[in-house]
>>> print(open('coords-v9.cif').read())   # mmCIF, C-alpha atoms
data_my_file
#
loop_
_atom_site.group_PDB
_atom_site.id
_atom_site.type_symbol
_atom_site.label_atom_id
_atom_site.label_comp_id
_atom_site.auth_asym_id
_atom_site.auth_seq_id
_atom_site.Cartn_x
_atom_site.Cartn_y
_atom_site.Cartn_z
ATOM 1 C CA MET A 1 101.652 113.481 90.940
ATOM 2 C CA HIS A 2 99.297 113.168 87.983
ATOM 3 C CA ILE A 3 98.644 109.446 87.558
ATOM 4 C CA VAL A 4 96.833 107.660 84.735
ATOM 5 C CA ILE A 5 95.222 104.361 85.780
ATOM 6 C CA ALA A 6 93.901 101.860 83.252
ATOM 7 C CA GLY A 7 91.344 99.651 84.953
ATOM 8 C CA GLY A 8 90.928 102.170 87.744
ATOM 9 C CA THR A 9 87.280 101.396 88.557
ATOM 10 C CA GLY A 10 87.541 97.693 89.378
ATOM 11 C CA PHE A 11 88.023 95.578 92.508
ATOM 12 C CA VAL A 12 91.582 96.815 93.034
ATOM 13 C CA GLY A 13 91.474 100.069 91.072
ATOM 14 C CA THR A 14 88.635 101.675 93.034
ATOM 15 C CA PRO A 15 90.224 101.535 96.514
ATOM 16 C CA LEU A 16 93.625 102.334 94.991
ATOM 17 C CA ALA A 17 92.197 105.501 93.431
ATOM 18 C CA GLU A 18 90.623 106.471 96.760
ATOM 19 C CA LEU A 19 93.979 106.028 98.545
ATOM 20 C CA LEU A 20 95.888 108.051 95.954
ATOM 21 C CA ILE A 21 93.338 110.883 96.052
ATOM 22 C CA ARG A 22 93.528 111.023 99.852
ATOM 23 C CA ASN A 23 97.301 111.298 99.573
ATOM 24 C CA GLY A 24 97.107 114.291 97.269
ATOM 25 C CA HIS A 25 97.548 112.815 93.793
ATOM 26 C CA GLU A 26 95.543 113.792 90.701
ATOM 27 C CA LEU A 27 94.108 110.917 88.668
ATOM 28 C CA THR A 28 92.868 110.115 85.209
ATOM 29 C CA LEU A 29 90.971 106.818 85.237
ATOM 30 C CA LEU A 30 90.731 105.012 81.899
ATOM 31 C CA THR A 31 87.689 102.754 81.852
ATOM 32 C CA ARG A 32 85.886 100.823 79.137
ATOM 33 C CA THR A 33 82.491 101.777 80.596
ATOM 34 C CA LEU A 34 81.975 105.262 81.973
ATOM 35 C CA ARG A 35 79.970 105.048 85.195
ATOM 36 C CA ARG A 36 77.138 107.480 85.875
ATOM 37 C CA THR A 37 78.177 107.517 89.518
ATOM 38 C CA ALA A 38 81.726 108.621 88.740
ATOM 39 C CA SER A 39 83.509 110.617 91.415
ATOM 40 C CA ARG A 40 82.949 114.358 91.421
ATOM 41 C CA SER A 41 86.301 115.024 93.070
ATOM 42 C CA ALA A 42 88.292 117.763 91.392
ATOM 43 C CA LYS A 43 91.308 115.468 91.617
ATOM 44 C CA VAL A 44 89.947 112.699 89.386
ATOM 45 C CA ARG A 45 88.807 112.490 85.765
ATOM 46 C CA HIS A 46 86.997 109.465 84.349
ATOM 47 C CA VAL A 47 87.691 108.833 80.661
ATOM 48 C CA GLU A 48 85.865 106.257 78.563
ATOM 49 C CA TRP A 49 88.725 104.270 77.025
ATOM 50 C CA ASN A 50 89.019 102.222 73.889
ATOM 51 C CA PRO A 51 92.338 100.323 74.211
ATOM 52 C CA GLU A 52 92.516 100.083 70.431
ATOM 53 C CA ASP A 53 92.561 103.885 70.010
ATOM 54 C CA GLU A 54 96.203 104.858 70.385
ATOM 55 C CA SER A 55 95.724 108.547 69.609
ATOM 56 C CA SER A 56 93.319 109.106 72.510
ATOM 57 C CA THR A 57 95.562 107.068 74.836
ATOM 58 C CA VAL A 58 98.579 109.195 73.871
ATOM 59 C CA ARG A 59 96.572 112.317 74.641
ATOM 60 C CA GLU A 60 95.788 111.118 78.175
ATOM 61 C CA ILE A 61 99.329 109.892 78.915
ATOM 62 C CA ASP A 62 101.278 112.807 77.446
ATOM 63 C CA GLY A 63 102.419 114.949 80.378
ATOM 64 C CA CYS A 64 101.376 112.610 83.190
ATOM 65 C CA ASP A 65 103.853 111.544 85.868
ATOM 66 C CA ALA A 66 102.969 107.844 86.151
ATOM 67 C CA VAL A 67 100.891 105.102 84.545
ATOM 68 C CA ILE A 68 99.337 102.174 86.425
ATOM 69 C CA ASN A 69 97.891 99.358 84.333
ATOM 70 C CA LEU A 70 95.340 97.118 86.069
ATOM 71 C CA ALA A 71 93.226 96.391 82.995
ATOM 72 C CA GLY A 72 92.227 92.817 82.222
ATOM 73 C CA GLU A 73 89.397 90.320 81.812
ATOM 74 C CA PRO A 74 88.647 88.279 84.988
ATOM 75 C CA ILE A 75 90.294 84.847 84.947
ATOM 76 C CA ALA A 76 87.990 83.066 87.413
ATOM 77 C CA GLU A 77 85.587 81.889 84.703
ATOM 78 C CA ARG A 78 85.485 78.626 82.743
ATOM 79 C CA TRP A 79 88.172 78.864 80.084
ATOM 80 C CA SER A 80 86.368 78.398 76.820
ATOM 81 C CA ARG A 81 88.381 79.137 73.713
ATOM 82 C CA ARG A 82 86.652 82.509 73.440
ATOM 83 C CA GLN A 83 87.252 83.345 77.107
ATOM 84 C CA LYS A 84 90.942 82.510 76.813
ATOM 85 C CA GLU A 85 91.190 84.840 73.824
ATOM 86 C CA ARG A 86 89.546 87.617 75.850
ATOM 87 C CA ILE A 87 91.931 87.038 78.751
ATOM 88 C CA VAL A 88 94.947 87.302 76.464
ATOM 89 C CA THR A 89 93.824 90.270 74.398
ATOM 90 C CA SER A 90 92.507 92.299 77.345
ATOM 91 C CA ARG A 91 95.879 92.101 79.078
ATOM 92 C CA VAL A 92 98.420 91.957 76.299
ATOM 93 C CA ASN A 93 96.727 94.413 73.943
ATOM 94 C CA SER A 94 96.023 96.991 76.659
ATOM 95 C CA THR A 95 99.655 96.850 77.819
ATOM 96 C CA GLN A 96 100.895 97.108 74.255
ATOM 97 C CA ILE A 97 98.791 100.190 73.505
ATOM 98 C CA LEU A 98 99.866 101.885 76.741
ATOM 99 C CA VAL A 99 103.541 101.280 75.979
ATOM 100 C CA HIS A 100 103.115 102.489 72.390
ATOM 101 C CA SER A 101 101.425 105.611 73.768
ATOM 102 C CA ILE A 102 104.260 106.204 76.232
ATOM 103 C CA ARG A 103 106.708 106.006 73.333
ATOM 104 C CA ALA A 104 104.683 108.547 71.341
ATOM 105 C CA ALA A 105 104.186 110.980 74.241
ATOM 106 C CA ALA A 106 106.133 114.230 74.054
ATOM 107 C CA ARG A 107 106.568 114.237 77.837
ATOM 108 C CA LYS A 108 106.754 110.689 79.097
ATOM 109 C CA PRO A 109 105.790 109.411 82.551
ATOM 110 C CA SER A 110 108.638 108.474 84.861
ATOM 111 C CA VAL A 111 107.167 105.110 85.867
ATOM 112 C CA LEU A 112 104.868 102.354 84.587
ATOM 113 C CA ILE A 113 103.437 99.964 87.157
ATOM 114 C CA ASN A 114 102.040 97.029 85.240
ATOM 115 C CA ALA A 115 99.945 94.345 86.892
ATOM 116 C CA SER A 116 100.907 90.724 86.375
ATOM 117 C CA ALA A 117 100.169 87.650 88.497
ATOM 118 C CA VAL A 118 101.884 84.904 90.468
ATOM 119 C CA GLY A 119 100.554 82.654 87.714
ATOM 120 C CA PHE A 120 103.765 83.744 85.943
ATOM 121 C CA TYR A 121 105.543 80.936 87.819
ATOM 122 C CA GLY A 122 103.138 78.204 86.697
ATOM 123 C CA PRO A 123 102.222 75.149 88.800
ATOM 124 C CA ARG A 124 105.359 74.366 90.827
ATOM 125 C CA GLY A 125 104.305 72.076 93.698
ATOM 126 C CA ASN A 126 106.248 72.729 96.916
ATOM 127 C CA GLU A 127 109.041 74.726 95.253
ATOM 128 C CA SER A 128 109.742 78.052 96.985
ATOM 129 C CA LEU A 129 109.606 80.905 94.466
ATOM 130 C CA ASP A 130 110.737 84.518 94.492
ATOM 131 C CA GLU A 131 111.216 87.276 91.935
ATOM 132 C CA ASN A 132 114.364 85.610 90.584
ATOM 133 C CA SER A 133 112.580 82.332 89.790
ATOM 134 C CA ASN A 134 111.973 81.474 86.144
ATOM 135 C CA GLY A 135 108.552 81.587 84.559
ATOM 136 C CA GLY A 136 106.614 78.351 84.421
ATOM 137 C CA LYS A 137 104.409 76.497 81.969
ATOM 138 C CA GLY A 138 100.690 76.575 81.322
ATOM 139 C CA PHE A 139 98.126 79.035 80.004
ATOM 140 C CA LEU A 140 98.388 81.600 82.818
ATOM 141 C CA ALA A 141 102.181 81.538 82.763
ATOM 142 C CA SER A 142 102.189 82.195 79.019
ATOM 143 C CA VAL A 143 99.762 85.101 79.420
ATOM 144 C CA CYS A 144 101.872 86.664 82.180
ATOM 145 C CA LYS A 145 105.077 86.285 80.193
ATOM 146 C CA ALA A 146 103.582 88.025 77.167
ATOM 147 C CA TRP A 147 102.006 90.676 79.407
ATOM 148 C CA GLU A 148 105.308 91.481 81.083
ATOM 149 C CA ALA A 149 107.305 91.352 77.860
ATOM 150 C CA HIS A 150 105.279 94.250 76.445
ATOM 151 C CA ALA A 151 105.569 96.240 79.692
ATOM 152 C CA ILE A 152 109.357 95.868 79.788
ATOM 153 C CA ARG A 153 109.642 97.660 76.434
ATOM 154 C CA ALA A 154 108.816 100.954 78.160
ATOM 155 C CA GLU A 155 112.301 100.806 79.700
ATOM 156 C CA ASP A 156 113.675 101.549 76.225
ATOM 157 C CA PHE A 157 112.132 105.040 76.531
ATOM 158 C CA GLY A 158 113.703 105.769 79.920
ATOM 159 C CA VAL A 159 110.656 104.734 81.968
ATOM 160 C CA ARG A 160 111.038 102.838 85.239
ATOM 161 C CA VAL A 161 108.931 99.680 84.944
ATOM 162 C CA VAL A 162 107.545 97.708 87.893
ATOM 163 C CA ARG A 163 105.985 94.341 87.068
ATOM 164 C CA ILE A 164 103.833 93.595 90.093
ATOM 165 C CA ARG A 165 102.945 89.892 90.297
ATOM 166 C CA ILE A 166 99.733 89.721 92.266
ATOM 167 C CA GLY A 167 98.558 86.766 94.335
ATOM 168 C CA LEU A 168 94.995 85.938 95.403
ATOM 169 C CA VAL A 169 93.558 89.287 96.498
ATOM 170 C CA LEU A 170 91.426 89.015 99.638
ATOM 171 C CA GLU A 171 88.463 91.243 100.480
ATOM 172 C CA ARG A 172 84.853 90.235 101.030
ATOM 173 C CA SER A 173 83.379 92.743 98.568
ATOM 174 C CA GLY A 174 84.707 91.006 95.470
ATOM 175 C CA GLY A 175 87.365 88.857 93.861
ATOM 176 C CA ALA A 176 87.754 85.151 94.516
ATOM 177 C CA LEU A 177 86.935 85.381 98.225
ATOM 178 C CA GLN A 178 83.411 86.573 97.506
ATOM 179 C CA LYS A 179 82.825 83.342 95.553
ATOM 180 C CA MET A 180 84.292 81.180 98.321
ATOM 181 C CA ILE A 181 82.006 82.415 101.080
ATOM 182 C CA PRO A 182 78.587 80.938 100.077
ATOM 183 C CA PRO A 183 79.494 77.215 100.422
ATOM 184 C CA PHE A 184 80.730 77.826 103.969
ATOM 185 C CA GLN A 185 77.642 79.841 104.810
ATOM 186 C CA MET A 186 75.551 76.888 103.579
ATOM 187 C CA LEU A 187 77.615 74.541 105.798
ATOM 188 C CA ILE A 188 79.133 72.669 102.836
ATOM 189 C CA GLY A 189 82.536 74.392 102.742
ATOM 190 C CA GLY A 190 85.808 72.516 102.450
ATOM 191 C CA TRP A 191 89.167 72.389 100.744
ATOM 192 C CA LEU A 192 89.637 71.677 97.037
ATOM 193 C CA GLY A 193 91.087 68.404 95.816
ATOM 194 C CA THR A 194 93.835 67.208 98.143
ATOM 195 C CA GLY A 195 94.068 70.624 99.770
ATOM 196 C CA ASN A 196 97.865 70.440 99.538
ATOM 197 C CA GLN A 197 98.205 72.982 96.725
ATOM 198 C CA TRP A 198 99.803 76.275 97.759
ATOM 199 C CA MET A 199 97.948 79.576 97.745
ATOM 200 C CA SER A 200 99.855 82.847 97.548
ATOM 201 C CA TRP A 201 97.525 85.568 98.813
ATOM 202 C CA ILE A 202 97.475 89.246 99.778
ATOM 203 C CA HIS A 203 94.995 91.403 101.680
ATOM 204 C CA ARG A 204 93.630 94.046 99.325
ATOM 205 C CA SER A 205 94.687 96.906 101.615
ATOM 206 C CA ASP A 206 98.288 95.629 101.533
ATOM 207 C CA LEU A 207 98.136 95.422 97.748
ATOM 208 C CA ILE A 208 97.003 98.998 97.199
ATOM 209 C CA LYS A 209 99.591 100.274 99.693
ATOM 210 C CA LEU A 210 102.276 98.256 97.895
ATOM 211 C CA ILE A 211 101.286 99.760 94.552
ATOM 212 C CA GLU A 212 101.567 103.260 96.033
ATOM 213 C CA PHE A 213 104.921 102.292 97.587
ATOM 214 C CA CYS A 214 106.236 101.203 94.179
ATOM 215 C CA LEU A 215 104.919 104.434 92.711
ATOM 216 C CA THR A 216 106.748 106.697 95.149
ATOM 217 C CA HIS A 217 109.988 104.752 95.680
ATOM 218 C CA GLY A 218 112.175 105.296 92.648
ATOM 219 C CA GLU A 219 114.575 102.500 93.562
ATOM 220 C CA VAL A 220 111.879 99.839 93.048
ATOM 221 C CA LYS A 221 111.870 98.339 89.559
ATOM 222 C CA GLY A 222 111.520 95.005 87.800
ATOM 223 C CA ALA A 223 109.474 92.128 89.197
ATOM 224 C CA VAL A 224 107.769 92.603 92.577
ATOM 225 C CA ASN A 225 105.748 89.782 94.139
ATOM 226 C CA ALA A 226 102.538 91.146 95.652
ATOM 227 C CA ALA A 227 101.958 88.198 97.965
ATOM 228 C CA ALA A 228 102.011 87.950 101.757
ATOM 229 C CA PRO A 229 105.208 86.559 103.324
ATOM 230 C CA LYS A 230 103.410 83.419 104.524
ATOM 231 C CA PRO A 231 101.671 81.454 101.753
ATOM 232 C CA VAL A 232 99.360 78.652 102.900
ATOM 233 C CA THR A 233 98.002 75.418 101.523
ATOM 234 C CA ASN A 234 94.431 75.320 100.327
ATOM 235 C CA ARG A 235 93.515 73.153 103.309
ATOM 236 C CA GLU A 236 95.017 75.722 105.718
ATOM 237 C CA PHE A 237 93.242 78.535 103.909
ATOM 238 C CA SER A 238 89.894 76.714 103.967
ATOM 239 C CA ASN A 239 90.162 76.003 107.676
ATOM 240 C CA ALA A 240 91.066 79.644 108.371
ATOM 241 C CA LEU A 241 88.118 80.844 106.286
ATOM 242 C CA ALA A 242 85.750 78.472 108.097
ATOM 243 C CA ARG A 243 87.033 79.751 111.437
ATOM 244 C CA ALA A 244 86.569 83.388 110.408
ATOM 245 C CA LEU A 245 83.012 82.656 109.246
ATOM 246 C CA ARG A 246 82.333 80.488 112.309
ATOM 247 C CA ARG A 247 81.314 77.610 110.082
ATOM 248 C CA PRO A 248 82.597 74.030 109.724
ATOM 249 C CA CYS A 249 85.134 72.915 107.115
ATOM 250 C CA TRP A 250 84.253 69.308 106.397
ATOM 251 C CA ALA A 251 83.117 68.844 102.790
ATOM 252 C CA PRO A 252 86.159 68.811 100.467
ATOM 253 C CA VAL A 253 85.417 68.986 96.747
ATOM 254 C CA PRO A 254 87.078 66.159 94.769
ATOM 255 C CA GLY A 255 89.442 67.352 92.079
ATOM 256 C CA PHE A 256 87.769 65.343 89.317
ATOM 257 C CA VAL A 257 84.451 67.094 90.039
ATOM 258 C CA LEU A 258 86.073 70.504 89.623
ATOM 259 C CA ARG A 259 87.732 69.413 86.392
ATOM 260 C CA ILE A 260 84.387 68.230 85.023
ATOM 261 C CA LEU A 261 82.619 71.442 86.022
ATOM 262 C CA LEU A 262 85.322 73.977 85.216
ATOM 263 C CA GLY A 263 87.679 72.249 82.771
ATOM 264 C CA GLU A 264 91.255 73.473 82.314
ATOM 265 C CA MET A 265 90.731 76.442 84.638
ATOM 266 C CA ALA A 266 90.181 74.122 87.621
ATOM 267 C CA GLY A 267 93.623 72.603 87.228
ATOM 268 C CA GLU A 268 95.757 75.734 86.923
ATOM 269 C CA LEU A 269 93.716 78.038 89.127
ATOM 270 C CA LEU A 270 92.242 75.796 91.842
ATOM 271 C CA LEU A 271 94.009 72.430 92.079
ATOM 272 C CA GLU A 272 97.575 73.550 91.424
ATOM 273 C CA GLY A 273 99.399 76.536 92.807
ATOM 274 C CA GLN A 274 102.560 78.444 93.564
ATOM 275 C CA ARG A 275 104.454 78.903 96.827
ATOM 276 C CA VAL A 276 105.515 82.500 96.247
ATOM 277 C CA TYR A 277 107.507 84.705 98.615
ATOM 278 C CA PRO A 278 107.980 88.492 98.348
ATOM 279 C CA HIS A 279 111.625 89.490 98.522
ATOM 280 C CA ALA A 280 111.778 92.699 96.470
ATOM 281 C CA ALA A 281 109.205 94.715 98.440
ATOM 282 C CA PRO A 282 110.530 94.004 101.975
ATOM 283 C CA ARG A 283 114.081 94.567 100.752
ATOM 284 C CA ALA A 284 113.014 98.052 99.627
ATOM 285 C CA GLY A 285 111.435 98.755 103.022
ATOM 286 C CA PHE A 286 107.792 97.816 102.510
ATOM 287 C CA GLU A 287 106.060 96.204 105.481
ATOM 288 C CA PHE A 288 103.035 93.950 105.068
ATOM 289 C CA ARG A 289 100.257 94.701 107.539
ATOM 290 C CA TYR A 290 98.831 91.197 107.109
ATOM 291 C CA SER A 291 101.323 88.321 107.012
ATOM 292 C CA GLU A 292 99.174 85.609 108.620
ATOM 293 C CA ILE A 293 96.076 84.310 106.875
ATOM 294 C CA ARG A 294 94.084 84.197 110.115
ATOM 295 C CA GLU A 295 94.688 87.842 110.965
ATOM 296 C CA ALA A 296 93.874 88.861 107.381
ATOM 297 C CA LEU A 297 90.536 87.020 107.405
ATOM 298 C CA ASP A 298 89.711 88.254 110.898
ATOM 299 C CA ALA A 299 90.278 91.820 109.723
ATOM 300 C CA ILE A 300 88.034 91.226 106.717
ATOM 301 C CA PHE A 301 85.139 89.659 108.608
ATOM 302 C CA HIS A 302 85.350 91.038 112.144
ATOM 303 C CA SER A 303 87.055 94.439 112.174
#
>>> encode(input="coords-v9.cif", output="structure tokens")
Amino acid sequence: MHIVIAGGTGFVGTPLAELLIRNGHELTLLTRTLRRTASRSAKVRHVEWNPEDESSTVREIDGCDAVINLAGEPIAERWSRRQKERIVTSRVNSTQILVHSIRAAARKPSVLINASAVGFYGPRGNESLDENSNGGKGFLASVCKAWEAHAIRAEDFGVRVVRIRIGLVLERSGGALQKMIPPFQMLIGGWLGTGNQWMSWIHRSDLIKLIEFCLTHGEVKGAVNAAAPKPVTNREFSNALARALRRPCWAPVPGFVLRILLGEMAGELLLEGQRVYPHAAPRAGFEFRYSEIREALDAIFHS
């Protein structure tokens, strides 16, 4: 398959591209900043991408077999008004331009896999959530709803659309986990707030394999939760991380401190959560390699 990936050089996109190349696919990676160290593989092209330029996007998409959209501004930063605008525009606008380009393409791709997030469900306490659950309230939920609404429009052009709602992606080389490690290494690690908030997580290797699974299994469409079958509370996660790092977990951070330091982002992203279960992927035959948080963290730190 010839696959176009927007955001194909980031924390998830890079290992995904490596997996797809190993499995025989040809890639075009759309990136805002062209890296000097770009791959020299004959099976991959790196294209400097301006999401506002529809004509160039049409040119790259026309004739490809699939589009994967992972583009978006990181959300784990303090949410100033300007940062919130960047989060919205980087996700919604990039999806909109990709869908417009699919519509304009003479030969359209057969599938669009569009990243979303479990934040779609909003803060929901202990409620068990799956792909059939309604969207929630809050900033992240509103972003995800708008994000997905644009992606769904590609179905009008005969394209199979998969909206993959991604949980906390775990790998030590980046993402949120990389930021969690230092306090534990300095012996001041602990849970956040009460520690009772739910965390829906996924090992990065499971995520990239799930994306490829959605790509190659034509029966998969609609919402797909990319979260391990066993979500955990923040207290359980923190204790498992401390164990994996062979450090203590004894210094919880009060919620009011996080709200002072990080503002609105602390509430939605750190002190509240979603208890999300994946039903669509297992029903289609996908098997998670890492279902338990302890085995996932052990694999990350000790394999």
>>> resolve_selection(input="coords-v9.cif", expression="the PyMOL selection byres ((chain A and resi 299) around 12)", output="list in words")
Leu170, Glu171, Arg172, His203, Arg204, Ser205, Leu241, Ala244, Leu245, Arg289, Tyr290, Ser291, Glu292, Ile293, Arg294, Glu295, Ala296, Leu297, Asp298, Ile300, Phe301, His302 and Ser303 of chain A
>>> residues_around(input="coords-v9.cif", residues="Lys137 of chain A", least_positions_apart="3", cutoff="8 Å", atoms="only C-alpha atoms", output="ChimeraX atom specification")
/A:121-123,140-142
>>> closest_residue(input="coords-v9.cif", among="A:Thr194, A:Asn50, A:Gln185, A:Asn69", to="Val111 of chain A", atoms="only C-alpha atoms")
A:Asn69
>>> residues_around(input="coords-v9.cif", residues="Asn126 of chain A", least_positions_apart="5", cutoff="9 Å", atoms="only C-alpha atoms", output="list in words")
Gln197, Trp198, Gly273, Gln274 and Arg275 of chain A
>>> atom_distance(input="coords-v9.cif", atom1="atom CA of Asp130 of chain A", atom2="atom CA of Glu272 of chain A")
17.4 Å
>>> closest_residue(input="coords-v9.cif", among="A:Ser173, A:Glu131, A:His25, A:Val88", to="Gly10 of chain A", atoms="all atoms listed in the file")
A:Ser173
>>> resolve_selection(input="coords-v9.cif", expression="the PyMOL selection byres ((chain A and resi 162) around 10)", output="list in words")
Ile68, Val111, Leu112, Ile113, Asn114, Ala115, Ser116, Glu148, Ala151, Ile152, Glu155, Val159, Arg160, Val161, Arg163, Ile164, Arg165, Ile211, Cys214, Leu215, Val220, Lys221, Gly222, Ala223 and Val224 of chain A
>>> atom_distance(input="coords-v9.cif", atom1="atom CA of Ser56 of chain A", atom2="atom CA of Pro15 of chain A")
25.4 Å
>>> residues_around(input="coords-v9.cif", residues="Gly7 of chain A", least_positions_apart="6", cutoff="8 Å", atoms="all atoms listed in the file", output="count of residues only")
8
>>> resolve_selection(input="coords-v9.cif", expression="the PyMOL selection byres ((chain A and resi 90-107) around 6)", output="PyMOL selection string")
chain A and resi 51+58+62-63+72-73+86-89+108+147+150+154
>>> axis_aligned_box(input="coords-v9.cif", around="segment 5-13 of chain A", padding_each_side="6 Å", output="AutoDock Vina command-line options")
--center_x 91.3 --center_y 100.0 --center_z 88.1 --size_x 19.9 --size_y 20.8 --size_z 21.8
>>> atom_distance(input="coords-v9.cif", atom1="atom CA of Leu177 of chain A", atom2="atom CA of Ser80 of chain A")
22.5 Å
>>> residues_around(input="coords-v9.cif", residues="Cys64 of chain A", least_positions_apart="4", cutoff="7 Å", atoms="all atoms listed in the file", output="PyMOL selection string")
chain A and resi 2-4+109
>>> residues_around(input="coords-v9.cif", residues="Trp201 of chain A", least_positions_apart="2", cutoff="6 Å", atoms="all atoms listed in the file", output="PyMOL selection string")
chain A and resi 167-169+227-228
>>> closest_residue(input="coords-v9.cif", among="A:Gly218, A:Pro182, A:Gly8, A:Pro74", to="Arg45 of chain A", atoms="all atoms listed in the file")
A:Gly8
>>> closest_residue(input="coords-v9.cif", among="A:Val44, A:Val143, A:Ile21, A:Ile166", to="Ile202 of chain A", atoms="only C-alpha atoms")
A:Ile166
>>> closest_residue(input="coords-v9.cif", among="A:Gly158, A:Gly138, A:Pro252, A:Gly174", to="Gly267 of chain A", atoms="only C-alpha atoms")
A:Gly138
>>> closest_residue(input="coords-v9.cif", among="A:Gly189, A:Pro231, A:Gly24, A:Gly119", to="Arg247 of chain A", atoms="only C-alpha atoms")
A:Gly189
>>> build_atoms(input="coords-v9.cif", residues="segment 258-275 of chain A", atoms="N, CA and C atoms", output="mmCIF file, keeping the file's coordinate frame")
data_model
loop_
_atom_site.group_PDB
_atom_site.id
_atom_site.type_symbol
_atom_site.label_atom_id
_atom_site.label_comp_id
_atom_site.auth_asym_id
_atom_site.auth_seq_id
_atom_site.Cartn_x
_atom_site.Cartn_y
_atom_site.Cartn_z
ATOM 1 N N LEU A 258 85.728 69.159 90.081
ATOM 2 C CA LEU A 258 86.073 70.504 89.623
ATOM 3 C C LEU A 258 86.526 70.507 88.176
ATOM 4 N N ARG A 259 87.276 69.476 87.792
ATOM 5 C CA ARG A 259 87.732 69.413 86.392
ATOM 6 C C ARG A 259 86.556 69.213 85.441
ATOM 7 N N ILE A 260 85.573 68.432 85.857
ATOM 8 C CA ILE A 260 84.387 68.230 85.023
ATOM 9 C C ILE A 260 83.603 69.529 84.890
ATOM 10 N N LEU A 261 83.437 70.236 86.017
ATOM 11 C CA LEU A 261 82.619 71.442 86.022
ATOM 12 C C LEU A 261 83.314 72.625 85.371
ATOM 13 N N LEU A 262 84.619 72.754 85.600
ATOM 14 C CA LEU A 262 85.322 73.977 85.216
ATOM 15 C C LEU A 262 86.413 73.777 84.173
ATOM 16 N N GLY A 263 86.708 72.511 83.822
ATOM 17 C CA GLY A 263 87.679 72.249 82.771
ATOM 18 C C GLY A 263 89.099 72.639 83.137
ATOM 19 N N GLU A 264 89.833 73.147 82.153
ATOM 20 C CA GLU A 264 91.255 73.473 82.314
ATOM 21 C C GLU A 264 91.492 74.473 83.435
ATOM 22 N N MET A 265 90.572 75.417 83.611
ATOM 23 C CA MET A 265 90.731 76.442 84.638
ATOM 24 C C MET A 265 90.847 75.840 86.026
ATOM 25 N N ALA A 266 90.136 74.747 86.294
ATOM 26 C CA ALA A 266 90.181 74.122 87.621
ATOM 27 C C ALA A 266 91.585 73.654 87.957
ATOM 28 N N GLY A 267 92.284 73.095 86.971
ATOM 29 C CA GLY A 267 93.623 72.603 87.228
ATOM 30 C C GLY A 267 94.590 73.709 87.598
ATOM 31 N N GLU A 268 94.751 74.690 86.708
ATOM 32 C CA GLU A 268 95.757 75.734 86.923
ATOM 33 C C GLU A 268 95.396 76.687 88.056
ATOM 34 N N LEU A 269 94.107 76.985 88.200
ATOM 35 C CA LEU A 269 93.716 78.038 89.127
ATOM 36 C C LEU A 269 93.331 77.523 90.507
ATOM 37 N N LEU A 270 92.795 76.288 90.581
ATOM 38 C CA LEU A 270 92.242 75.796 91.842
ATOM 39 C C LEU A 270 92.986 74.608 92.433
ATOM 40 N N LEU A 271 93.439 73.691 91.586
ATOM 41 C CA LEU A 271 94.009 72.430 92.079
ATOM 42 C C LEU A 271 95.525 72.419 92.071
ATOM 43 N N GLU A 272 96.127 73.406 91.426
ATOM 44 C CA GLU A 272 97.575 73.550 91.424
ATOM 45 C C GLU A 272 97.896 74.964 91.902
ATOM 46 N N GLY A 273 99.110 75.205 92.291
ATOM 47 C CA GLY A 273 99.399 76.536 92.807
ATOM 48 C C GLY A 273 100.869 76.859 92.825
ATOM 49 N N GLN A 274 101.184 77.970 93.468
ATOM 50 C CA GLN A 274 102.560 78.444 93.564
ATOM 51 C C GLN A 274 102.845 78.858 95.010
ATOM 52 N N ARG A 275 104.014 78.515 95.484
ATOM 53 C CA ARG A 275 104.454 78.903 96.827
ATOM 54 C C ARG A 275 105.388 80.096 96.671
#
